[in-house]
Protein chains: 2
Amino acid sequence: MTIRVSVVENIMSANDQLADTNRARFDAAGVFAINLMASPGAGKTSLITRTIEALRGDFRIAAVDGDIATTIDADRVAALGVPAVQINTGGSCHLDAVMLQSALPQLPLDALDLLIVENVGNLVCPAAFRLGVHLDVLIASVPEGDDKPYKYPTMYRGVDALVLNKMDVLPAFDFNVDYFHRGVEALNPGLAFFPLSCKTGAGMDAWFAWLREQIAAYQS
Amino acid sequence: MTIRVSVVENIMSANDQLADTNRARFDAAGVFAINLMASPGAGKTSLITRTIEALRGDFRIAAVDGDIATTIDADRVAALGVPAVQINTGGSCHLDAVMLQSALPQLPLDALDLLIVENVGNLVCPAAFRLGVHLDVLIASVPEGDDKPYKYPTMYRGVDALVLNKMDVLPAFDFNVDYFHRGVEALNPGLAFFPLSCKTGAGMDAWFAWLREQIAAYQS
């Protein structure tokens, strides 16, 4: 076990250095970058396409989509006419800084304001690998259940904003929003929290407004 | 990268050896063991509690529950009056053979017919670590979306049975069961497939009957 842990630490350290390099490239180009993490099927791609539709009038946007396999997600984003790069991890359960670095030459960074990175669907491993973005965002969803902050504390503790998607199906599930949010607050007090539905659009304006503010603050 | 891969291979090899040891202990005691894997919130614990309620009249059952943190799941199982051991992985994204081995001394193996192991909620990493059980079962759920076999092929390829849970909310989601099942069949032809709802109980009899058959075949 000792050997295993020390190897992981070495990998992490190399990853952190590359994350810093990614950040420097974003800042040199003036690109605000965010990393979206979630369980499989929580709605990462839906949030991305909705966000692109809402903000594309004011910002130049591109996306990087991470998945084990397929280009389903990048295809959905590219259908909106914005640059989209799919990273197929080929089995790896998360994006790391090297993978993101390898995607950057395929993007017109100098002609972008916002880069949205969609991580692999996984509520554990992506939290351990910094990418060099400016904001880490977690998307939870009602069908997953209200106990997830308690069961996956590392992920909830490490993010800068939390979206709770699929609020439209709340009546069909035993999901106590107060219990869920108390668990979040215990781990990450004051975390920006956006209950919404990507399907109906309800609650999305608050997310759009907050993200606009973050980009504006970065650009000023 | 070369160093990283070779280390992973060494860990896997050690894990496989321990998985064989676990299997030998199950077989010496005559315990049929299954491993349930799924995304966070797909309904692993609900399937376990339902299955215990249905089969406890005929079989002596215990459960091992893996989670990053909390004893929520083992508490739910223990509330049914069966032996339940919680493994808190403390950050690890999957159970491995060592973790399962460490739980076994706390269970009355000689007085059991069925051991149900609940893996950490994760659609990627658990597929890479054999535990030594007799059957690996995947639980998908309708809200996750019908593209998951295409995006997470390794998990779908490696299992012996597939439950599709939360069928009761099918009308509320854009989920095409045919598209989903075609993706499954391409990876794992003829895979035993059980669409059901742990909430309403619909479809569960087929799962119970199939599991009874598997246990009976093992015992004979």
# chains A, B, ... in the order shown; residues from 1 in each chain; ligands from 1
>>> interface_residues(of="chain A", to="chain B", cutoff="7 Å", atoms="only C-alpha atoms", output="list in words")
Ser39, Pro40, Gly41, Ala42, Asp67, Ile68, Ala69, Thr70, Cys93, Asn122, Val124, Cys125, Pro143, Glu144, Gly145, Tyr150, Lys151 and Tyr152 of chain A
>>> residues_around(residues="stretch 138-140 of chain B", least_positions_apart="6", cutoff="6 Å", atoms="only C-alpha atoms", output="VMD selection string")
chain B and resid 36 to 38 162 to 164
>>> select_by_dssp(residues="stretch 83-114 of chain B", states="helix (DSSP H, G or I)", output="number ranges by chain")
B: 97-106, 109-111
>>> select_by_dssp(residues="stretch 80-176 of chain A", states="strand (DSSP E or B)", output="MDAnalysis selection string")
chainID A and resid 84:88 114:118 135:141 161:165
>>> closest_residue(among="A:Arg23, A:Thr51, A:Ala127, A:Tyr218", to="A:Ala206", atoms="only C-alpha atoms")
A:Thr51
>>> residues_around(residues="A:Ala161", least_positions_apart="6", cutoff="10 Å", atoms="only C-alpha atoms", output="list in words")
Leu36, Leu135, Asp136, Val137, Leu138, Ile139, Asn188, Gly190, Leu191, Ala192, Phe193, Phe194, Trp207, Trp210 and Leu211 of chain A
>>> residues_around(residues="A:Asp96", least_positions_apart="3", cutoff="7 Å", atoms="only C-alpha atoms", output="ChimeraX atom specification")
/A:15,99-100,129-131
>>> write_last_selection(atoms="N, CA and C atoms", output="PDB file, in the first residue's frame")
ATOM      1  N   ASN A  15       0.688  16.380 -12.279  1.00  0.00           N
ATOM      2  CA  ASN A  15      -0.575  16.919 -12.780  1.00  0.00           C
ATOM      3  C   ASN A  15      -0.751  18.379 -12.353  1.00  0.00           C
ATOM      4  N   MET A  99      -4.462  15.639 -20.447  1.00  0.00           N
ATOM      5  CA  MET A  99      -5.510  15.455 -21.461  1.00  0.00           C
ATOM      6  C   MET A  99      -6.059  16.801 -21.911  1.00  0.00           C
ATOM      7  N   LEU A 100      -6.306  17.696 -20.947  1.00  0.00           N
ATOM      8  CA  LEU A 100      -6.825  19.005 -21.332  1.00  0.00           C
ATOM      9  C   LEU A 100      -5.792  19.765 -22.153  1.00  0.00           C
ATOM     10  N   PHE A 129      -8.016  15.599  -9.594  1.00  0.00           N
ATOM     11  CA  PHE A 129      -7.100  16.019 -10.654  1.00  0.00           C
ATOM     12  C   PHE A 129      -7.413  17.442 -11.111  1.00  0.00           C
ATOM     13  N   ARG A 130      -6.634  18.407 -10.637  1.00  0.00           N
ATOM     14  CA  ARG A 130      -6.795  19.796 -11.055  1.00  0.00           C
ATOM     15  C   ARG A 130      -6.527  19.918 -12.549  1.00  0.00           C
ATOM     16  N   LEU A 131      -7.319  20.763 -13.200  1.00  0.00           N
ATOM     17  CA  LEU A 131      -7.140  20.960 -14.641  1.00  0.00           C
ATOM     18  C   LEU A 131      -6.506  22.309 -14.969  1.00  0.00           C
TER      19      LEU A 131
END
>>> residues_around(residues="B:Gln101", least_positions_apart="3", cutoff="8 Å", atoms="only C-alpha atoms", output="MDAnalysis selection string")
chainID B and resid 18 22 97:98 104:105
>>> write_last_selection(atoms="N, CA and C atoms", output="short mmCIF file (atom, residue, chain, number, x, y, z; two decimals), in the first residue's frame")
data_model
loop_
_atom_site.label_atom_id
_atom_site.label_comp_id
_atom_site.auth_asym_id
_atom_site.auth_seq_id
_atom_site.Cartn_x
_atom_site.Cartn_y
_atom_site.Cartn_z
N LEU B 18 -5.81 -11.80 -4.78
CA LEU B 18 -6.67 -11.71 -3.60
C LEU B 18 -8.12 -12.02 -3.94
N ASN B 22 -10.54 -14.65 -2.11
CA ASN B 22 -11.91 -14.39 -1.65
C ASN B 22 -12.86 -15.47 -2.20
N ALA B 97 -10.28 -6.16 -3.96
CA ALA B 97 -10.34 -7.46 -3.29
C ALA B 97 -9.84 -7.38 -1.85
N VAL B 98 -8.87 -6.50 -1.59
CA VAL B 98 -8.36 -6.35 -0.22
C VAL B 98 -9.44 -5.81 0.71
N LEU B 104 -14.70 -9.70 5.43
CA LEU B 104 -15.22 -11.07 5.56
C LEU B 104 -15.16 -11.63 6.99
N PRO B 105 -14.09 -11.33 7.77
CA PRO B 105 -14.07 -11.88 9.14
C PRO B 105 -15.23 -11.38 10.00
#
>>> atom_distance(atom1="atom CA of A:Glu118", atom2="atom CA of B:Val184")
24.2 Å
>>> residues_around(residues="B:Arg76", least_positions_apart="2", cutoff="12 Å", atoms="only C-alpha atoms", output="list in words")
Lys44, Thr45, Ser46, Leu47, Ile48, Thr49, Arg50, Ile52, Ala63, Val64, Asp65, Thr70, Thr71, Ile72, Asp73, Ala74, Ala78, Ala79, Leu80, Gly81, Val82, Pro83, Ala84, Val85 and Gln86 of chain B
>>> write_last_selection(atoms="N, CA and C atoms", output="PDB file, in the first residue's frame")
ATOM      1  N   LYS B  44     -28.782   1.027  -5.914  1.00  0.00           N
ATOM      2  CA  LYS B  44     -28.147  -0.200  -5.451  1.00  0.00           C
ATOM      3  C   LYS B  44     -28.740  -0.656  -4.111  1.00  0.00           C
ATOM      4  N   THR B  45     -28.784   0.251  -3.155  1.00  0.00           N
ATOM      5  CA  THR B  45     -29.265  -0.143  -1.827  1.00  0.00           C
ATOM      6  C   THR B  45     -30.746  -0.502  -1.870  1.00  0.00           C
ATOM      7  N   SER B  46     -31.514   0.197  -2.690  1.00  0.00           N
ATOM      8  CA  SER B  46     -32.927  -0.151  -2.819  1.00  0.00           C
ATOM      9  C   SER B  46     -33.095  -1.546  -3.399  1.00  0.00           C
ATOM     10  N   LEU B  47     -32.301  -1.891  -4.405  1.00  0.00           N
ATOM     11  CA  LEU B  47     -32.381  -3.241  -4.974  1.00  0.00           C
ATOM     12  C   LEU B  47     -31.996  -4.280  -3.923  1.00  0.00           C
ATOM     13  N   ILE B  48     -30.978  -3.961  -3.125  1.00  0.00           N
ATOM     14  CA  ILE B  48     -30.533  -4.899  -2.088  1.00  0.00           C
ATOM     15  C   ILE B  48     -31.629  -5.120  -1.048  1.00  0.00           C
ATOM     16  N   THR B  49     -32.207  -4.041  -0.546  1.00  0.00           N
ATOM     17  CA  THR B  49     -33.228  -4.218   0.504  1.00  0.00           C
ATOM     18  C   THR B  49     -34.444  -4.951  -0.059  1.00  0.00           C
ATOM     19  N   ARG B  50     -34.859  -4.632  -1.279  1.00  0.00           N
ATOM     20  CA  ARG B  50     -35.978  -5.348  -1.920  1.00  0.00           C
ATOM     21  C   ARG B  50     -35.663  -6.835  -2.089  1.00  0.00           C
ATOM     22  N   ILE B  52     -33.470  -8.665  -0.408  1.00  0.00           N
ATOM     23  CA  ILE B  52     -33.435  -9.338   0.896  1.00  0.00           C
ATOM     24  C   ILE B  52     -34.852  -9.660   1.356  1.00  0.00           C
ATOM     25  N   ALA B  63     -24.901  -8.527   3.682  1.00  0.00           N
ATOM     26  CA  ALA B  63     -24.479  -7.523   2.701  1.00  0.00           C
ATOM     27  C   ALA B  63     -23.226  -6.804   3.169  1.00  0.00           C
ATOM     28  N   VAL B  64     -22.412  -6.422   2.191  1.00  0.00           N
ATOM     29  CA  VAL B  64     -21.266  -5.548   2.425  1.00  0.00           C
ATOM     30  C   VAL B  64     -21.491  -4.303   1.563  1.00  0.00           C
ATOM     31  N   ASP B  65     -21.448  -3.126   2.196  1.00  0.00           N
ATOM     32  CA  ASP B  65     -21.743  -1.888   1.486  1.00  0.00           C
ATOM     33  C   ASP B  65     -20.502  -1.011   1.398  1.00  0.00           C
ATOM     34  N   THR B  70     -19.826   7.622   5.345  1.00  0.00           N
ATOM     35  CA  THR B  70     -21.124   7.356   5.984  1.00  0.00           C
ATOM     36  C   THR B  70     -21.425   5.860   6.097  1.00  0.00           C
ATOM     37  N   THR B  71     -22.381   5.540   7.002  1.00  0.00           N
ATOM     38  CA  THR B  71     -22.892   4.165   7.093  1.00  0.00           C
ATOM     39  C   THR B  71     -24.363   4.123   6.685  1.00  0.00           C
ATOM     40  N   ILE B  72     -24.788   5.089   5.880  1.00  0.00           N
ATOM     41  CA  ILE B  72     -26.199   5.183   5.493  1.00  0.00           C
ATOM     42  C   ILE B  72     -26.683   3.876   4.875  1.00  0.00           C
ATOM     43  N   ASP B  73     -25.893   3.318   3.956  1.00  0.00           N
ATOM     44  CA  ASP B  73     -26.358   2.139   3.224  1.00  0.00           C
ATOM     45  C   ASP B  73     -26.406   0.901   4.107  1.00  0.00           C
ATOM     46  N   ALA B  74     -25.331   0.656   4.861  1.00  0.00           N
ATOM     47  CA  ALA B  74     -25.327  -0.519   5.741  1.00  0.00           C
ATOM     48  C   ALA B  74     -26.419  -0.402   6.799  1.00  0.00           C
ATOM     49  N   ALA B  78     -29.036  -3.194   7.611  1.00  0.00           N
ATOM     50  CA  ALA B  78     -29.068  -3.751   8.968  1.00  0.00           C
ATOM     51  C   ALA B  78     -30.449  -3.595   9.590  1.00  0.00           C
ATOM     52  N   ALA B  79     -31.177  -2.562   9.162  1.00  0.00           N
ATOM     53  CA  ALA B  79     -32.527  -2.343   9.683  1.00  0.00           C
ATOM     54  C   ALA B  79     -33.451  -3.514   9.350  1.00  0.00           C
ATOM     55  N   LEU B  80     -33.078  -4.315   8.349  1.00  0.00           N
ATOM     56  CA  LEU B  80     -33.864  -5.491   7.991  1.00  0.00           C
ATOM     57  C   LEU B  80     -33.500  -6.701   8.859  1.00  0.00           C
ATOM     58  N   GLY B  81     -32.496  -6.517   9.709  1.00  0.00           N
ATOM     59  CA  GLY B  81     -32.133  -7.603  10.616  1.00  0.00           C
ATOM     60  C   GLY B  81     -31.159  -8.606  10.029  1.00  0.00           C
ATOM     61  N   VAL B  82     -30.490  -8.251   8.937  1.00  0.00           N
ATOM     62  CA  VAL B  82     -29.473  -9.160   8.381  1.00  0.00           C
ATOM     63  C   VAL B  82     -28.089  -8.563   8.641  1.00  0.00           C
ATOM     64  N   PRO B  83     -27.045  -9.399   8.671  1.00  0.00           N
ATOM     65  CA  PRO B  83     -25.696  -8.874   8.895  1.00  0.00           C
ATOM     66  C   PRO B  83     -25.300  -7.913   7.778  1.00  0.00           C
ATOM     67  N   ALA B  84     -24.766  -6.756   8.159  1.00  0.00           N
ATOM     68  CA  ALA B  84     -24.361  -5.757   7.169  1.00  0.00           C
ATOM     69  C   ALA B  84     -23.068  -5.106   7.619  1.00  0.00           C
ATOM     70  N   VAL B  85     -22.098  -5.066   6.737  1.00  0.00           N
ATOM     71  CA  VAL B  85     -20.811  -4.448   7.040  1.00  0.00           C
ATOM     72  C   VAL B  85     -20.600  -3.271   6.095  1.00  0.00           C
ATOM     73  N   GLN B  86     -20.290  -2.109   6.652  1.00  0.00           N
ATOM     74  CA  GLN B  86     -19.997  -0.951   5.814  1.00  0.00           C
ATOM     75  C   GLN B  86     -18.487  -0.827   5.650  1.00  0.00           C
TER      76      GLN B  86
END
>>> atom_distance(atom1="atom CA of B:Ala103", atom2="atom CA of B:Ala209")
28.2 Å
>>> atom_distance(atom1="atom CA of A:Leu95", atom2="atom CA of A:Pro126")
6.5 Å
>>> residues_around(residues="A:Asp113", least_positions_apart="6", cutoff="8 Å", atoms="only C-alpha atoms", output="PDB file with N, CA and C atoms, in the first residue's frame")
ATOM      1  N   GLY A  30      -6.661  35.329 -22.150  1.00  0.00           N
ATOM      2  CA  GLY A  30      -7.852  35.985 -21.608  1.00  0.00           C
ATOM      3  C   GLY A  30      -9.095  35.114 -21.661  1.00  0.00           C
ATOM      4  N   VAL A  31      -8.905  33.809 -21.514  1.00  0.00           N
ATOM      5  CA  VAL A  31     -10.037  32.871 -21.563  1.00  0.00           C
ATOM      6  C   VAL A  31     -10.404  32.440 -20.146  1.00  0.00           C
ATOM      7  N   PHE A  32     -11.667  32.645 -19.800  1.00  0.00           N
ATOM      8  CA  PHE A  32     -12.181  32.153 -18.522  1.00  0.00           C
ATOM      9  C   PHE A  32     -12.596  30.703 -18.715  1.00  0.00           C
ATOM     10  N   PHE A  59     -20.541  36.411 -25.365  1.00  0.00           N
ATOM     11  CA  PHE A  59     -19.213  35.830 -25.178  1.00  0.00           C
ATOM     12  C   PHE A  59     -18.917  34.825 -26.288  1.00  0.00           C
ATOM     13  N   ARG A  60     -17.639  34.694 -26.620  1.00  0.00           N
ATOM     14  CA  ARG A  60     -17.198  33.678 -27.577  1.00  0.00           C
ATOM     15  C   ARG A  60     -16.839  32.415 -26.791  1.00  0.00           C
ATOM     16  N   ILE A  61     -17.527  31.331 -27.092  1.00  0.00           N
ATOM     17  CA  ILE A  61     -17.495  30.140 -26.242  1.00  0.00           C
ATOM     18  C   ILE A  61     -17.013  28.915 -27.020  1.00  0.00           C
TER      19      ILE A  61
END
>>> decode(residues="stretch 47-83 of chain A", atoms="N, CA and C atoms", output="PDB file, in the first residue's frame")
ATOM      1  N   LEU A  47     -26.577  21.212 -19.616  1.00  0.00           N
ATOM      2  CA  LEU A  47     -26.254  22.520 -19.029  1.00  0.00           C
ATOM      3  C   LEU A  47     -25.343  23.310 -19.963  1.00  0.00           C
ATOM      4  N   ILE A  48     -24.413  22.631 -20.590  1.00  0.00           N
ATOM      5  CA  ILE A  48     -23.491  23.304 -21.510  1.00  0.00           C
ATOM      6  C   ILE A  48     -24.235  23.881 -22.714  1.00  0.00           C
ATOM      7  N   THR A  49     -25.090  23.081 -23.339  1.00  0.00           N
ATOM      8  CA  THR A  49     -25.782  23.585 -24.532  1.00  0.00           C
ATOM      9  C   THR A  49     -26.727  24.731 -24.159  1.00  0.00           C
ATOM     10  N   ARG A  50     -27.416  24.614 -23.028  1.00  0.00           N
ATOM     11  CA  ARG A  50     -28.287  25.712 -22.566  1.00  0.00           C
ATOM     12  C   ARG A  50     -27.476  26.982 -22.299  1.00  0.00           C
ATOM     13  N   THR A  51     -26.316  26.798 -21.682  1.00  0.00           N
ATOM     14  CA  THR A  51     -25.488  27.953 -21.319  1.00  0.00           C
ATOM     15  C   THR A  51     -24.927  28.622 -22.572  1.00  0.00           C
ATOM     16  N   ILE A  52     -24.520  27.813 -23.533  1.00  0.00           N
ATOM     17  CA  ILE A  52     -24.021  28.385 -24.794  1.00  0.00           C
ATOM     18  C   ILE A  52     -25.126  29.200 -25.466  1.00  0.00           C
ATOM     19  N   GLU A  53     -26.327  28.638 -25.516  1.00  0.00           N
ATOM     20  CA  GLU A  53     -27.445  29.346 -26.156  1.00  0.00           C
ATOM     21  C   GLU A  53     -27.724  30.684 -25.469  1.00  0.00           C
ATOM     22  N   ALA A  54     -27.594  30.711 -24.142  1.00  0.00           N
ATOM     23  CA  ALA A  54     -27.930  31.925 -23.396  1.00  0.00           C
ATOM     24  C   ALA A  54     -26.831  32.979 -23.465  1.00  0.00           C
ATOM     25  N   LEU A  55     -25.579  32.555 -23.528  1.00  0.00           N
ATOM     26  CA  LEU A  55     -24.472  33.510 -23.396  1.00  0.00           C
ATOM     27  C   LEU A  55     -23.743  33.807 -24.697  1.00  0.00           C
ATOM     28  N   ARG A  56     -24.075  33.094 -25.759  1.00  0.00           N
ATOM     29  CA  ARG A  56     -23.299  33.225 -26.993  1.00  0.00           C
ATOM     30  C   ARG A  56     -23.411  34.609 -27.622  1.00  0.00           C
ATOM     31  N   GLY A  57     -24.459  35.344 -27.289  1.00  0.00           N
ATOM     32  CA  GLY A  57     -24.591  36.710 -27.827  1.00  0.00           C
ATOM     33  C   GLY A  57     -23.555  37.660 -27.252  1.00  0.00           C
ATOM     34  N   ASP A  58     -23.045  37.359 -26.077  1.00  0.00           N
ATOM     35  CA  ASP A  58     -22.125  38.259 -25.377  1.00  0.00           C
ATOM     36  C   ASP A  58     -20.701  37.729 -25.255  1.00  0.00           C
ATOM     37  N   PHE A  59     -20.541  36.411 -25.365  1.00  0.00           N
ATOM     38  CA  PHE A  59     -19.213  35.830 -25.178  1.00  0.00           C
ATOM     39  C   PHE A  59     -18.917  34.825 -26.288  1.00  0.00           C
ATOM     40  N   ARG A  60     -17.639  34.694 -26.620  1.00  0.00           N
ATOM     41  CA  ARG A  60     -17.198  33.678 -27.577  1.00  0.00           C
ATOM     42  C   ARG A  60     -16.839  32.415 -26.791  1.00  0.00           C
ATOM     43  N   ILE A  61     -17.527  31.331 -27.092  1.00  0.00           N
ATOM     44  CA  ILE A  61     -17.495  30.140 -26.242  1.00  0.00           C
ATOM     45  C   ILE A  61     -17.013  28.915 -27.020  1.00  0.00           C
ATOM     46  N   ALA A  62     -16.295  28.042 -26.344  1.00  0.00           N
ATOM     47  CA  ALA A  62     -15.944  26.728 -26.888  1.00  0.00           C
ATOM     48  C   ALA A  62     -16.054  25.703 -25.772  1.00  0.00           C
ATOM     49  N   ALA A  63     -16.051  24.426 -26.164  1.00  0.00           N
ATOM     50  CA  ALA A  63     -16.188  23.362 -25.170  1.00  0.00           C
ATOM     51  C   ALA A  63     -15.220  22.224 -25.444  1.00  0.00           C
ATOM     52  N   VAL A  64     -14.781  21.598 -24.359  1.00  0.00           N
ATOM     53  CA  VAL A  64     -14.017  20.356 -24.422  1.00  0.00           C
ATOM     54  C   VAL A  64     -14.822  19.308 -23.654  1.00  0.00           C
ATOM     55  N   ASP A  65     -15.107  18.175 -24.295  1.00  0.00           N
ATOM     56  CA  ASP A  65     -15.955  17.161 -23.685  1.00  0.00           C
ATOM     57  C   ASP A  65     -15.163  15.888 -23.431  1.00  0.00           C
ATOM     58  N   GLY A  66     -15.124  15.465 -22.187  1.00  0.00           N
ATOM     59  CA  GLY A  66     -14.398  14.245 -21.835  1.00  0.00           C
ATOM     60  C   GLY A  66     -15.341  13.063 -21.667  1.00  0.00           C
ATOM     61  N   ASP A  67     -15.032  11.954 -22.310  1.00  0.00           N
ATOM     62  CA  ASP A  67     -15.800  10.717 -22.151  1.00  0.00           C
ATOM     63  C   ASP A  67     -14.874   9.536 -22.363  1.00  0.00           C
ATOM     64  N   ILE A  68     -15.255   8.409 -21.778  1.00  0.00           N
ATOM     65  CA  ILE A  68     -14.524   7.163 -22.020  1.00  0.00           C
ATOM     66  C   ILE A  68     -14.529   6.871 -23.528  1.00  0.00           C
ATOM     67  N   ALA A  69     -15.698   6.991 -24.143  1.00  0.00           N
ATOM     68  CA  ALA A  69     -15.867   6.635 -25.552  1.00  0.00           C
ATOM     69  C   ALA A  69     -16.968   7.483 -26.168  1.00  0.00           C
ATOM     70  N   THR A  70     -17.029   7.501 -27.481  1.00  0.00           N
ATOM     71  CA  THR A  70     -18.019   8.200 -28.322  1.00  0.00           C
ATOM     72  C   THR A  70     -17.740   9.706 -28.433  1.00  0.00           C
ATOM     73  N   THR A  71     -18.344  10.332 -29.456  1.00  0.00           N
ATOM     74  CA  THR A  71     -18.293  11.794 -29.592  1.00  0.00           C
ATOM     75  C   THR A  71     -19.689  12.371 -29.440  1.00  0.00           C
ATOM     76  N   ILE A  72     -20.569  11.656 -28.743  1.00  0.00           N
ATOM     77  CA  ILE A  72     -21.961  12.094 -28.590  1.00  0.00           C
ATOM     78  C   ILE A  72     -22.031  13.507 -28.019  1.00  0.00           C
ATOM     79  N   ASP A  73     -21.264  13.780 -26.970  1.00  0.00           N
ATOM     80  CA  ASP A  73     -21.370  15.070 -26.290  1.00  0.00           C
ATOM     81  C   ASP A  73     -20.814  16.209 -27.135  1.00  0.00           C
ATOM     82  N   ALA A  74     -19.626  16.013 -27.688  1.00  0.00           N
ATOM     83  CA  ALA A  74     -19.044  17.074 -28.513  1.00  0.00           C
ATOM     84  C   ALA A  74     -19.910  17.330 -29.749  1.00  0.00           C
ATOM     85  N   ASP A  75     -20.527  16.293 -30.269  1.00  0.00           N
ATOM     86  CA  ASP A  75     -21.420  16.474 -31.419  1.00  0.00           C
ATOM     87  C   ASP A  75     -22.603  17.366 -31.058  1.00  0.00           C
ATOM     88  N   ARG A  76     -23.151  17.178 -29.852  1.00  0.00           N
ATOM     89  CA  ARG A  76     -24.278  18.011 -29.411  1.00  0.00           C
ATOM     90  C   ARG A  76     -23.857  19.471 -29.306  1.00  0.00           C
ATOM     91  N   VAL A  77     -22.638  19.701 -28.818  1.00  0.00           N
ATOM     92  CA  VAL A  77     -22.152  21.083 -28.680  1.00  0.00           C
ATOM     93  C   VAL A  77     -21.820  21.664 -30.050  1.00  0.00           C
ATOM     94  N   ALA A  78     -21.148  20.878 -30.888  1.00  0.00           N
ATOM     95  CA  ALA A  78     -20.753  21.367 -32.211  1.00  0.00           C
ATOM     96  C   ALA A  78     -21.968  21.714 -33.057  1.00  0.00           C
ATOM     97  N   ALA A  79     -23.097  21.021 -32.788  1.00  0.00           N
ATOM     98  CA  ALA A  79     -24.325  21.306 -33.537  1.00  0.00           C
ATOM     99  C   ALA A  79     -24.794  22.738 -33.322  1.00  0.00           C
ATOM    100  N   LEU A  80     -24.320  23.379 -32.251  1.00  0.00           N
ATOM    101  CA  LEU A  80     -24.660  24.780 -31.992  1.00  0.00           C
ATOM    102  C   LEU A  80     -23.736  25.731 -32.743  1.00  0.00           C
ATOM    103  N   GLY A  81     -22.746  25.185 -33.435  1.00  0.00           N
ATOM    104  CA  GLY A  81     -21.853  26.024 -34.217  1.00  0.00           C
ATOM    105  C   GLY A  81     -20.689  26.620 -33.451  1.00  0.00           C
ATOM    106  N   VAL A  82     -20.385  26.057 -32.275  1.00  0.00           N
ATOM    107  CA  VAL A  82     -19.222  26.536 -31.531  1.00  0.00           C
ATOM    108  C   VAL A  82     -18.138  25.464 -31.577  1.00  0.00           C
ATOM    109  N   PRO A  83     -16.873  25.868 -31.404  1.00  0.00           N
ATOM    110  CA  PRO A  83     -15.791  24.871 -31.414  1.00  0.00           C
ATOM    111  C   PRO A  83     -15.967  23.859 -30.283  1.00  0.00           C
TER     112      PRO A  83
END
